[in-house]
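K.L.:
Dropping in data-v8.pdb, which is PDB, C-alpha atoms:
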```
ATOM      1  CA  MET O 155     -17.746  45.120 -66.300
ATOM      2  CA  ASP O 156     -16.312  42.078 -68.123
ATOM      3  CA  THR O 157     -17.397  38.818 -66.477
ATOM      4  CA  THR O 158     -16.059  36.502 -69.170
ATOM      5  CA  ILE O 159     -14.018  33.605 -67.810
ATOM      6  CA  PRO O 160     -10.702  33.479 -69.673
ATOM      7  CA  ALA O 161      -9.892  30.377 -71.706
ATOM      8  CA  ASP O 162      -7.053  28.111 -70.598
ATOM      9  CA  SER O 163      -4.007  27.403 -72.710
ATOM     10  CA  ALA O 164      -5.759  24.566 -74.608
ATOM     11  CA  GLY O 165      -8.671  26.822 -75.483
ATOM     12  CA  ALA O 166     -11.067  25.085 -73.086
ATOM     13  CA  THR O 167     -13.146  27.059 -70.687
ATOM     14  CA  PRO O 168     -13.289  25.575 -67.209
ATOM     15  CA  SER O 169     -16.763  25.452 -65.721
ATOM     16  CA  PRO O 170     -17.261  26.221 -62.079
ATOM     17  CA  GLU O 171     -19.772  23.351 -61.955
ATOM     18  CA  SER O 172     -17.283  20.744 -63.298
ATOM     19  CA  PRO O 173     -14.370  19.847 -61.097
ATOM     20  CA  SER O 174     -10.943  20.055 -62.602
ATOM     21  CA  PRO O 175      -8.831  16.949 -63.086
ATOM     22  CA  GLN O 176      -6.627  18.159 -60.203
ATOM     23  CA  SER O 177      -9.704  18.353 -57.934
ATOM     24  CA  GLU O 178     -10.755  14.852 -58.904
ATOM     25  CA  GLY O 179      -7.232  13.638 -58.227
ATOM     26  CA  ALA O 180      -7.186  15.340 -54.846
ATOM     27  CA  LYS O 181     -10.602  13.891 -54.008
ATOM     28  CA  GLY O 182      -9.451  10.470 -55.090
ATOM     29  CA  ASN O 183      -6.256  10.767 -53.052
ATOM     30  CA  GLY O 184      -8.274  11.928 -50.016
ATOM     31  CA  THR O 185     -10.559   8.919 -50.306
ATOM     32  CA  ALA O 186      -7.576   6.635 -50.671
ATOM     33  CA  ASN O 187      -5.856   8.251 -47.673
ATOM     34  CA  GLN O 188      -9.027   7.896 -45.611
ATOM     35  CA  ALA O 189      -9.289   4.229 -46.580
ATOM     36  CA  ALA O 190      -5.614   3.699 -45.753
ATOM     37  CA  SER O 191      -6.103   5.403 -42.401
ATOM     38  CA  THR O 192      -9.102   3.171 -41.666
ATOM     39  CA  ASP O 193      -7.091   0.080 -42.636
ATOM     40  CA  SER O 194      -4.210   1.212 -40.467
ATOM     41  CA  SER O 195      -6.521   1.796 -37.450
ATOM     42  CA  ALA O 196      -8.028  -1.641 -37.935
ATOM     43  CA  ALA O 197      -4.546  -3.143 -38.156
ATOM     44  CA  ALA O 198      -3.519  -1.321 -34.966
ATOM     45  CA  LYS O 199      -6.598  -2.665 -33.173
ATOM     46  CA  ASN O 200      -5.816  -6.171 -34.373
ATOM     47  CA  THR O 201      -2.231  -5.744 -33.197
ATOM     48  CA  ARG O 202      -3.410  -4.642 -29.760
ATOM     49  CA  ARG O 203      -5.708  -7.648 -29.576
ATOM     50  CA  LYS O 204      -2.867  -9.993 -30.466
ATOM     51  CA  GLY O 205      -0.287  -8.233 -28.275
ATOM     52  CA  VAL O 206       0.646  -8.685 -24.615
ATOM     53  CA  PRO O 207      -2.308  -8.023 -22.259
ATOM     54  CA  GLU O 208      -1.975  -4.981 -20.018
ATOM     55  CA  GLY O 209      -0.758  -5.655 -16.468
ATOM     56  CA  LEU O 210       1.026  -8.890 -17.347
ATOM     57  CA  TRP O 211       4.440  -7.360 -16.612
ATOM     58  CA  LEU O 212       5.650  -4.910 -13.984
ATOM     59  CA  LYS O 213       8.836  -2.983 -13.328
ATOM     60  CA  CYS O 214      10.820  -3.596 -10.158
ATOM     61  CA  ASP O 215      11.359  -0.437  -8.095
ATOM     62  CA  GLY O 216      14.568  -1.959  -6.719
ATOM     63  CA  CYS O 217      16.547  -3.121  -9.760
ATOM     64  CA  GLY O 218      14.419  -1.816 -12.650
ATOM     65  CA  ALA O 219      13.938  -5.283 -14.161
ATOM     66  CA  SER O 220      10.788  -6.155 -16.104
ATOM     67  CA  LEU O 221       9.089  -8.947 -14.189
ATOM     68  CA  TYR O 222       6.313 -11.385 -15.006
ATOM     69  CA  ARG O 223       3.586 -10.401 -12.559
ATOM     70  CA  LYS O 224       2.436 -13.961 -11.889
ATOM     71  CA  GLU O 225       5.985 -15.024 -10.972
ATOM     72  CA  VAL O 226       6.262 -12.086  -8.543
ATOM     73  CA  GLN O 227       2.952 -13.026  -6.931
ATOM     74  CA  GLN O 228       4.146 -16.618  -6.511
ATOM     75  CA  GLN O 229       7.161 -15.204  -4.640
ATOM     76  CA  LEU O 230       4.857 -13.376  -2.156
ATOM     77  CA  ASN O 231       5.278 -10.148  -4.135
ATOM     78  CA  VAL O 232       9.057 -10.155  -3.864
ATOM     79  CA  CYS O 233      11.343  -9.483  -6.861
ATOM     80  CA  PRO O 234      13.040 -12.781  -7.808
ATOM     81  CA  LYS O 235      16.154 -10.896  -8.974
ATOM     82  CA  CYS O 236      16.977  -8.347  -6.255
ATOM     83  CA  HIS O 237      14.482  -9.391  -3.506
ATOM     84  CA  HIS O 238      12.800  -5.979  -3.457
ATOM     85  CA  HIS O 239       9.622  -6.302  -1.348
ATOM     86  CA  PHE O 240       6.602  -4.855  -3.156
ATOM     87  CA  TYR O 241       3.566  -3.344  -1.430
ATOM     88  CA  VAL O 242       1.156  -5.928  -0.033
ATOM     89  CA  GLY O 243      -2.377  -5.112   1.124
ATOM     90  CA  ALA O 244      -3.785  -6.034   4.534
ATOM     91  CA  TRP O 245      -5.848  -9.016   3.385
ATOM     92  CA  GLU O 246      -2.944 -10.435   1.425
ATOM     93  CA  ARG O 247      -0.646 -10.156   4.445
ATOM     94  CA  ILE O 248      -3.196 -12.078   6.486
ATOM     95  CA  ALA O 249      -3.179 -14.810   3.848
ATOM     96  CA  GLN O 250       0.640 -14.903   3.876
ATOM     97  CA  VAL O 251       1.138 -15.057   7.642
ATOM     98  CA  LEU O 252      -1.902 -16.791   9.144
ATOM     99  CA  ASP O 253      -2.992 -20.366   8.552
ATOM    100  CA  GLU O 254      -5.622 -20.527   5.834
ATOM    101  CA  GLY O 255      -9.175 -19.891   6.974
ATOM    102  CA  THR O 256      -8.304 -19.175  10.609
ATOM    103  CA  PHE O 257      -8.613 -15.376  10.710
ATOM    104  CA  GLU O 258     -11.580 -14.124  12.745
ATOM    105  CA  PRO O 259     -12.012 -10.337  12.374
ATOM    106  CA  MET O 260     -12.806  -8.186  15.398
ATOM    107  CA  ASN O 261     -14.543  -4.837  15.773
ATOM    108  CA  GLU O 262     -15.418  -4.418  12.086
ATOM    109  CA  GLN O 263     -18.544  -2.593  13.258
ATOM    110  CA  LEU O 264     -16.367   0.352  14.356
ATOM    111  CA  ARG O 265     -16.449   2.890  11.531
ATOM    112  CA  PRO O 266     -14.731   6.295  11.248
ATOM    113  CA  THR O 267     -16.787   9.487  11.484
ATOM    114  CA  ASP O 268     -16.081  13.164  10.833
ATOM    115  CA  PRO O 269     -16.309  14.821  14.275
ATOM    116  CA  LEU O 270     -14.513  18.009  13.179
ATOM    117  CA  GLU O 271     -16.280  18.319   9.788
ATOM    118  CA  PHE O 272     -12.786  18.633   8.359
ATOM    119  CA  LYS O 273     -12.222  19.869   4.809
ATOM    120  CA  ASP O 274      -9.050  20.113   2.757
ATOM    121  CA  ARG O 275      -9.186  19.431  -0.990
ATOM    122  CA  ARG O 276     -12.390  17.483  -0.287
ATOM    123  CA  PRO O 277     -14.493  16.934   2.839
ATOM    124  CA  TYR O 278     -13.177  14.201   5.124
ATOM    125  CA  ALA O 279     -16.568  12.441   5.103
ATOM    126  CA  GLU O 280     -16.378  12.127   1.301
ATOM    127  CA  ARG O 281     -12.744  11.032   1.471
ATOM    128  CA  LEU O 282     -13.642   8.213   3.857
ATOM    129  CA  ILE O 283     -16.350   6.901   1.543
ATOM    130  CA  GLY O 284     -13.982   7.084  -1.431
ATOM    131  CA  GLU O 285     -11.192   5.251   0.418
ATOM    132  CA  GLN O 286     -13.584   2.537   1.589
ATOM    133  CA  LYS O 287     -14.825   1.920  -1.934
ATOM    134  CA  ARG O 288     -11.332   1.997  -3.436
ATOM    135  CA  THR O 289      -9.608  -0.293  -0.922
ATOM    136  CA  GLY O 290     -12.442  -2.495   0.321
ATOM    137  CA  LEU O 291     -11.386  -1.639   3.893
ATOM    138  CA  THR O 292     -13.485   0.223   6.464
ATOM    139  CA  ASP O 293     -10.352   1.847   7.953
ATOM    140  CA  ALA O 294      -6.568   1.529   7.861
ATOM    141  CA  VAL O 295      -6.258  -1.516  10.155
ATOM    142  CA  LEU O 296      -7.603  -5.066  10.286
ATOM    143  CA  THR O 297      -7.629  -6.785  13.676
ATOM    144  CA  GLY O 298      -8.650 -10.236  14.852
ATOM    145  CA  THR O 299      -7.411 -13.603  15.994
ATOM    146  CA  GLY O 300      -5.974 -16.458  13.966
ATOM    147  CA  MET O 301      -3.478 -19.298  13.881
ATOM    148  CA  ILE O 302       0.201 -19.247  12.893
ATOM    149  CA  ARG O 303       1.308 -22.833  12.344
ATOM    150  CA  ALA O 304      -1.454 -23.952  14.719
ATOM    151  CA  ARG O 305      -0.532 -21.358  17.382
ATOM    152  CA  ARG O 306      -3.407 -19.004  18.223
ATOM    153  CA  VAL O 307      -2.455 -15.329  18.197
ATOM    154  CA  ALA O 308      -3.974 -11.850  18.311
ATOM    155  CA  PHE O 309      -3.182 -10.273  14.961
ATOM    156  CA  ALA O 310      -3.344  -6.817  13.380
ATOM    157  CA  VAL O 311      -2.092  -5.303  10.147
ATOM    158  CA  THR O 312      -2.228  -1.689   8.968
ATOM    159  CA  ASP O 313      -2.521  -0.789   5.299
ATOM    160  CA  SER O 314      -0.880   2.268   3.722
ATOM    161  CA  ALA O 315      -3.433   2.222   0.890
ATOM    162  CA  PHE O 316      -6.053   3.714   3.247
ATOM    163  CA  ILE O 317      -5.069   7.363   3.842
ATOM    164  CA  MET O 318      -1.422   6.182   4.126
ATOM    165  CA  GLY O 319      -2.288   3.912   7.050
ATOM    166  CA  SER O 320      -2.680   6.914   9.342
ATOM    167  CA  MET O 321      -3.945   6.339  12.874
ATOM    168  CA  GLY O 322      -7.394   7.776  13.413
ATOM    169  CA  SER O 323      -9.797   7.088  16.272
ATOM    170  CA  VAL O 324     -10.996   3.773  14.842
ATOM    171  CA  VAL O 325      -7.468   2.489  14.208
ATOM    172  CA  GLY O 326      -6.492   3.279  17.811
ATOM    173  CA  GLU O 327      -9.669   1.780  19.266
ATOM    174  CA  ARG O 328      -9.406  -1.435  17.234
ATOM    175  CA  LEU O 329      -5.771  -1.906  18.255
ATOM    176  CA  THR O 330      -6.539  -1.197  21.929
ATOM    177  CA  ARG O 331      -9.389  -3.710  22.007
ATOM    178  CA  LEU O 332      -7.183  -6.317  20.299
ATOM    179  CA  ILE O 333      -4.418  -5.802  22.878
ATOM    180  CA  GLU O 334      -6.938  -6.104  25.709
ATOM    181  CA  ARG O 335      -8.227  -9.368  24.174
ATOM    182  CA  ALA O 336      -4.646 -10.669  23.976
ATOM    183  CA  THR O 337      -4.116  -9.721  27.631
ATOM    184  CA  GLU O 338      -7.299 -11.451  28.811
ATOM    185  CA  GLN O 339      -6.677 -14.649  26.829
ATOM    186  CA  ASN O 340      -2.875 -14.741  27.207
ATOM    187  CA  LEU O 341      -2.288 -14.662  23.451
ATOM    188  CA  ALA O 342       0.877 -13.698  21.638
ATOM    189  CA  LEU O 343       0.329 -10.365  19.870
ATOM    190  CA  ILE O 344       1.498  -9.726  16.297
ATOM    191  CA  ILE O 345       1.129  -6.290  14.681
ATOM    192  CA  ILE O 346       2.388  -5.754  11.123
ATOM    193  CA  SER O 347       2.781  -2.033  10.450
ATOM    194  CA  ALA O 348       2.558  -0.519   6.987
ATOM    195  CA  SER O 349       1.736   3.076   7.838
ATOM    196  CA  GLY O 350       3.303   5.997   6.022
ATOM    197  CA  GLY O 351       1.412   8.453   8.174
ATOM    198  CA  GLY O 352       1.124   9.140  11.864
ATOM    199  CA  ALA O 353      -1.894  10.606  13.595
ATOM    200  CA  ARG O 354      -4.653  11.406  11.095
ATOM    201  CA  MET O 355      -4.874  15.185  10.875
ATOM    202  CA  HIS O 356      -8.542  15.059   9.827
ATOM    203  CA  GLU O 357      -9.483  14.036  13.390
ATOM    204  CA  GLY O 358      -7.204  16.429  15.263
ATOM    205  CA  ILE O 359      -6.587  15.758  18.983
ATOM    206  CA  LEU O 360      -8.854  12.693  18.874
ATOM    207  CA  SER O 361      -6.318  11.095  16.561
ATOM    208  CA  LEU O 362      -3.279  12.180  18.595
ATOM    209  CA  MET O 363      -4.771  10.561  21.710
ATOM    210  CA  GLN O 364      -4.589   7.128  20.067
ATOM    211  CA  MET O 365      -0.786   6.992  20.372
ATOM    212  CA  ALA O 366      -1.000   7.223  24.165
ATOM    213  CA  LYS O 367      -4.040   4.937  24.410
ATOM    214  CA  VAL O 368      -2.477   2.081  22.418
ATOM    215  CA  SER O 369       0.860   2.471  24.224
ATOM    216  CA  ALA O 370      -0.892   2.303  27.623
ATOM    217  CA  ALA O 371      -2.713  -0.870  26.584
ATOM    218  CA  LEU O 372       0.643  -2.375  25.545
ATOM    219  CA  ALA O 373       2.133  -1.478  28.955
ATOM    220  CA  ARG O 374      -0.653  -3.405  30.704
ATOM    221  CA  TYR O 375      -0.144  -6.308  28.296
ATOM    222  CA  HIS O 376       3.583  -6.318  29.079
ATOM    223  CA  GLU O 377       2.916  -6.316  32.845
ATOM    224  CA  ALA O 378       0.691  -9.365  32.332
ATOM    225  CA  GLY O 379       3.604 -11.217  30.713
ATOM    226  CA  GLY O 380       2.458 -10.977  27.097
ATOM    227  CA  LEU O 381       4.668 -11.438  24.034
ATOM    228  CA  PHE O 382       4.425  -8.645  21.449
ATOM    229  CA  ILE O 383       6.136  -9.096  18.076
ATOM    230  CA  SER O 384       6.138  -5.908  15.993
ATOM    231  CA  VAL O 385       6.826  -6.262  12.271
ATOM    232  CA  LEU O 386       7.850  -3.086  10.416
ATOM    233  CA  THR O 387       7.333  -2.915   6.656
ATOM    234  CA  ASN O 388       7.770  -0.256   4.011
ATOM    235  CA  PRO O 389       6.778   2.366   5.073
ATOM    236  CA  THR O 390       6.461   2.644   8.865
ATOM    237  CA  MET O 391       6.576   6.325   9.705
ATOM    238  CA  GLY O 392       5.208   9.098  11.894
ATOM    239  CA  GLY O 393       3.178   8.479  15.025
ATOM    240  CA  VAL O 394       2.885   4.757  14.302
ATOM    241  CA  ALA O 395       6.678   4.360  14.355
ATOM    242  CA  ALA O 396       6.862   6.629  17.414
ATOM    243  CA  SER O 397       4.331   4.609  19.422
ATOM    244  CA  PHE O 398       3.226   0.981  19.237
ATOM    245  CA  ALA O 399       5.409  -0.088  16.273
ATOM    246  CA  SER O 400       8.607   0.486  18.270
ATOM    247  CA  LEU O 401       7.365  -1.116  21.520
ATOM    248  CA  GLY O 402       7.623  -4.778  20.582
ATOM    249  CA  ASP O 403       9.397  -7.306  22.771
ATOM    250  CA  LEU O 404      10.898  -8.264  19.440
ATOM    251  CA  VAL O 405      10.957  -5.909  16.467
ATOM    252  CA  PHE O 406      11.303  -7.464  13.018
ATOM    253  CA  ALA O 407      11.545  -5.550   9.751
ATOM    254  CA  GLU O 408      11.394  -6.396   6.074
ATOM    255  CA  PRO O 409      14.530  -5.694   4.000
ATOM    256  CA  LYS O 410      15.091  -2.073   2.924
ATOM    257  CA  ALA O 411      11.911  -0.844   4.592
ATOM    258  CA  LEU O 412      11.599   2.911   5.202
ATOM    259  CA  ILE O 413      11.253   3.412   8.962
ATOM    260  CA  GLY O 414      11.306   6.668  10.898
ATOM    261  CA  PHE O 415       9.361   9.523  12.418
ATOM    262  CA  ALA O 416       9.760  12.417   9.979
ATOM    263  CA  GLY O 417      11.038  12.508   6.419
ATOM    264  CA  PRO O 418      14.759  13.090   5.696
ATOM    265  CA  ARG O 419      14.238  16.637   4.382
ATOM    266  CA  THR O 420      12.259  17.660   7.469
ATOM    267  CA  ILE O 421      14.922  16.267   9.812
ATOM    268  CA  LYS O 422      17.760  17.903   7.877
ATOM    269  CA  ALA O 423      15.981  21.273   7.894
ATOM    270  CA  THR O 424      15.370  20.952  11.648
ATOM    271  CA  ILE O 425      18.819  19.916  12.897
ATOM    272  CA  GLY O 426      20.809  21.516  10.081
ATOM    273  CA  ILE O 427      23.350  18.741   9.494
ATOM    274  CA  GLU O 428      23.991  16.264   6.704
ATOM    275  CA  LEU O 429      22.390  12.893   7.400
ATOM    276  CA  PRO O 430      24.001   9.483   6.766
ATOM    277  CA  GLU O 431      22.912   7.779   3.565
ATOM    278  CA  GLY O 432      20.094   5.286   4.111
ATOM    279  CA  PHE O 433      19.718   6.235   7.780
ATOM    280  CA  GLN O 434      16.013   5.340   7.778
ATOM    281  CA  THR O 435      16.330   1.868   6.267
ATOM    282  CA  SER O 436      15.960  -1.461   8.049
ATOM    283  CA  GLU O 437      19.648  -2.246   7.541
ATOM    284  CA  PHE O 438      20.841   1.010   9.144
ATOM    285  CA  LEU O 439      18.450   0.620  12.075
ATOM    286  CA  LEU O 440      19.520  -2.983  12.667
ATOM    287  CA  GLU O 441      23.150  -1.867  12.804
ATOM    288  CA  HIS O 442      22.244   0.769  15.405
ATOM    289  CA  GLY O 443      20.065  -1.465  17.581
ATOM    290  CA  TYR O 444      16.611  -0.055  16.791
ATOM    291  CA  ILE O 445      15.314  -3.358  15.407
ATOM    292  CA  ASP O 446      16.198  -6.937  16.318
ATOM    293  CA  ARG O 447      16.155  -8.758  13.013
ATOM    294  CA  ILE O 448      15.554  -8.283   9.290
ATOM    295  CA  VAL O 449      13.257 -11.043   8.050
ATOM    296  CA  HIS O 450      12.538 -11.907   4.412
ATOM    297  CA  ARG O 451       8.823 -12.112   3.691
ATOM    298  CA  ARG O 452       8.970 -15.819   2.831
ATOM    299  CA  SER O 453      10.473 -16.558   6.282
ATOM    300  CA  LEU O 454       8.221 -14.346   8.408
ATOM    301  CA  LYS O 455       5.614 -16.958   9.299
ATOM    302  CA  THR O 456       8.264 -19.488  10.385
ATOM    303  CA  GLU O 457      10.206 -16.883  12.387
ATOM    304  CA  ILE O 458       7.104 -15.773  14.301
ATOM    305  CA  ALA O 459       6.108 -19.371  15.081
ATOM    306  CA  SER O 460       9.643 -20.145  16.306
ATOM    307  CA  VAL O 461       9.690 -17.110  18.624
ATOM    308  CA  ILE O 462       6.289 -18.022  20.082
ATOM    309  CA  ASP O 463       7.554 -21.538  20.829
ATOM    310  CA  TYR O 464      10.833 -20.242  22.278
ATOM    311  CA  CYS O 465       8.985 -17.866  24.621
ATOM    312  CA  GLY O 466       6.518 -20.564  25.663
ATOM    313  CA  LYS O 467       3.394 -18.795  24.376
TER     314      LYS O 467
END
```
Can the structure in the file be given as structure tokens, please?
P.N.:
Amino acid sequence: MDTTIPADSAGATPSPESPSPQSEGAKGNGTANQAASTDSSAAAKNTRRKGVPEGLWLKCDGCGASLYRKEVQQQLNVCPKCHHHFYVGAWERIAQVLDEGTFEPMNEQLRPTDPLEFKDRRPYAERLIGEQKRTGLTDAVLTGTGMIRARRVAFAVTDSAFIMGSMGSVVGERLTRLIERATEQNLALIIISASGGGARMHEGILSLMQMAKVSAALARYHEAGGLFISVLTNPTMGGVAASFASLGDLVFAEPKALIGFAGPRTIKATIGIELPEGFQTSEFLLEHGYIDRIVHRRSLKTEIASVIDYCGK
């Protein structure tokens, strides 16, 4: 068998141990490409360092405009162009409505448990721990007393960030105790609702009972001559909307807030008719007498103080 390596056209015999000029060129090009790639990555990193920091801008859900986050925060998290009201957490709402440093929390020692050992995608006990770490809240409502333009009030705010603001046993108990405190001390009662859920399914009948319990406490408060101002924000849905949120002596709402019991698709599938456009917005509900006034976030504190004075509380 002939193992002789044939000569090339110039009479040279290529050696397997010596790379060909083409191989050297390819190796050289590969090194150059690698160097160029490294330079380009470094340049990209430098560009990112010199660019706009993440989170400096946000997009408005109402008009789609790109907004400078700091400017939005200075406007109480309201779009300066279309006045879309962004989500606001419970602690931030307290800072917006109550006089600085006057809020005194109540019943923070009440913590949710898992009486049914409920499991869906994850055990309810684990979900509670995760929500508490993520939001900094122990449950979906903060309650306490504070001052609104030097007027002492009983105050509560629910937060949709905690399991959509759903009403579990602790939420109902905290609200009931707050209402009883307002009754005993003859305080005006302010509840700001931001609950996209109703009764918390993870607690079953124990959660459903809270609707009746809070409503009964409000009935006793009303009989004692109390003033309850309910403020509905986006969203206020389910059992919250169907119980205490709709029982105010005065019901305020933020502009274009979603307010209702069930979602539009559920209602349409149930009654089988086409629904009016925007029928669950603040504006539609004001037109049909469900709420008393739409109040811009920047005016809410003044409006509440004026009503308290007008009613002699």
K.L.:
Which of these, O:Gln227, O:Cys214, O:Ala373, O:Ala304, has the shortest distance to Thr256 in chain O once you count all atoms listed in the file?
P.N.:
O:Ala304
K.L.:
Starting from the shown file, work through the PyMOL selection byres ((chain O and resi 414-431) around 8) and note down what comes out as a list in words.
P.N.:
Thr390, Met391, Gly392, Gly393, Ala395, Ala396, Leu412, Ile413, Gly432, Phe433 and Gln434 of chain O
K.L.:
Do you know which residues the PyMOL selection byres ((chain O and resi 247) around 12) returns on this file, as a VMD selection string?
P.N.:
chain O and resid 230 to 231 240 to 246 248 to 254 257 295 to 296 309 to 313 345 to 348 385 387 451 to 452 454 to 455
K.L.:
Would you kindly translate the PyMOL selection byres ((chain O and resi 285-291) around 12) into the concrete residues it picks from this file, as JSON, numbers by chain?
P.N.:
{"O": [243, 244, 245, 262, 263, 264, 265, 266, 278, 279, 280, 281, 282, 283, 284, 292, 293, 294, 295, 296, 297, 311, 312, 313, 314, 315, 316, 317, 318, 319, 325]}
K.L.:
Take the point (-5.2, 11.2, 13.6) as written in the file and pick out every residue within 10 Å of it, counting all atoms listed in the file; give the list as a list in words.
P.N.:
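Result, sorted by chain then residue number: Ser320, Met321, Gly322, Ser323, Val324, Val325, Gly326, Gly351, Gly352, Ala353, Arg354, Met355, His356, Glu357, Gly358, Ile359, Leu360, Ser361, Leu362, Met363, Gln364, Met365 and Gly393 of chain O.
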K.L.:
Can you work out the spacing between CA of Val405 in chain O and CA of Leu332 in chain O in Å, to one decimal?
P.N.:
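According to the coordinates, CA of Val405 in chain O and CA of Leu332 in chain O are separated by 18.5 Å.
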K.L.:
One number please: CA of Ser220 in chain O to CA of Lys410 in chain O, in Å, one decimal.
P.N.:
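These two atoms are separated by 19.9 Å.
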K.L.:
Please write as a PyMOL selection string the list of polymer residues whose atoms come within 12 Å of (-4.9, -20.9, 17.3), counting only C-alpha atoms and keeping to the coordinates of the file.
P.N.:
chain O and resi 252-258+298-309+339-342+459+462+467
K.L.:
For Glu457 in chain O, which of O:Glu225, O:Ile383, O:Glu441, O:Glu327 is the closest residue, counting only C-alpha atoms?
P.N.:
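Selected residue with least distance to Glu457 in chain O: O:Ile383.
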K.L.:
Given the choices O:Glu334, O:His376, O:Asp215, O:Thr456, which gets closest to His238 in chain O if the distance is worked out from all atoms listed in the file?
P.N.:
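Answer, going by the shortest atom-to-atom distance: O:Asp215.
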K.L.:
For CA of Ser384 in chain O and CA of Phe406 in chain O, quote the distance in Å rounded to one decimal.
P.N.:
6.2 Å
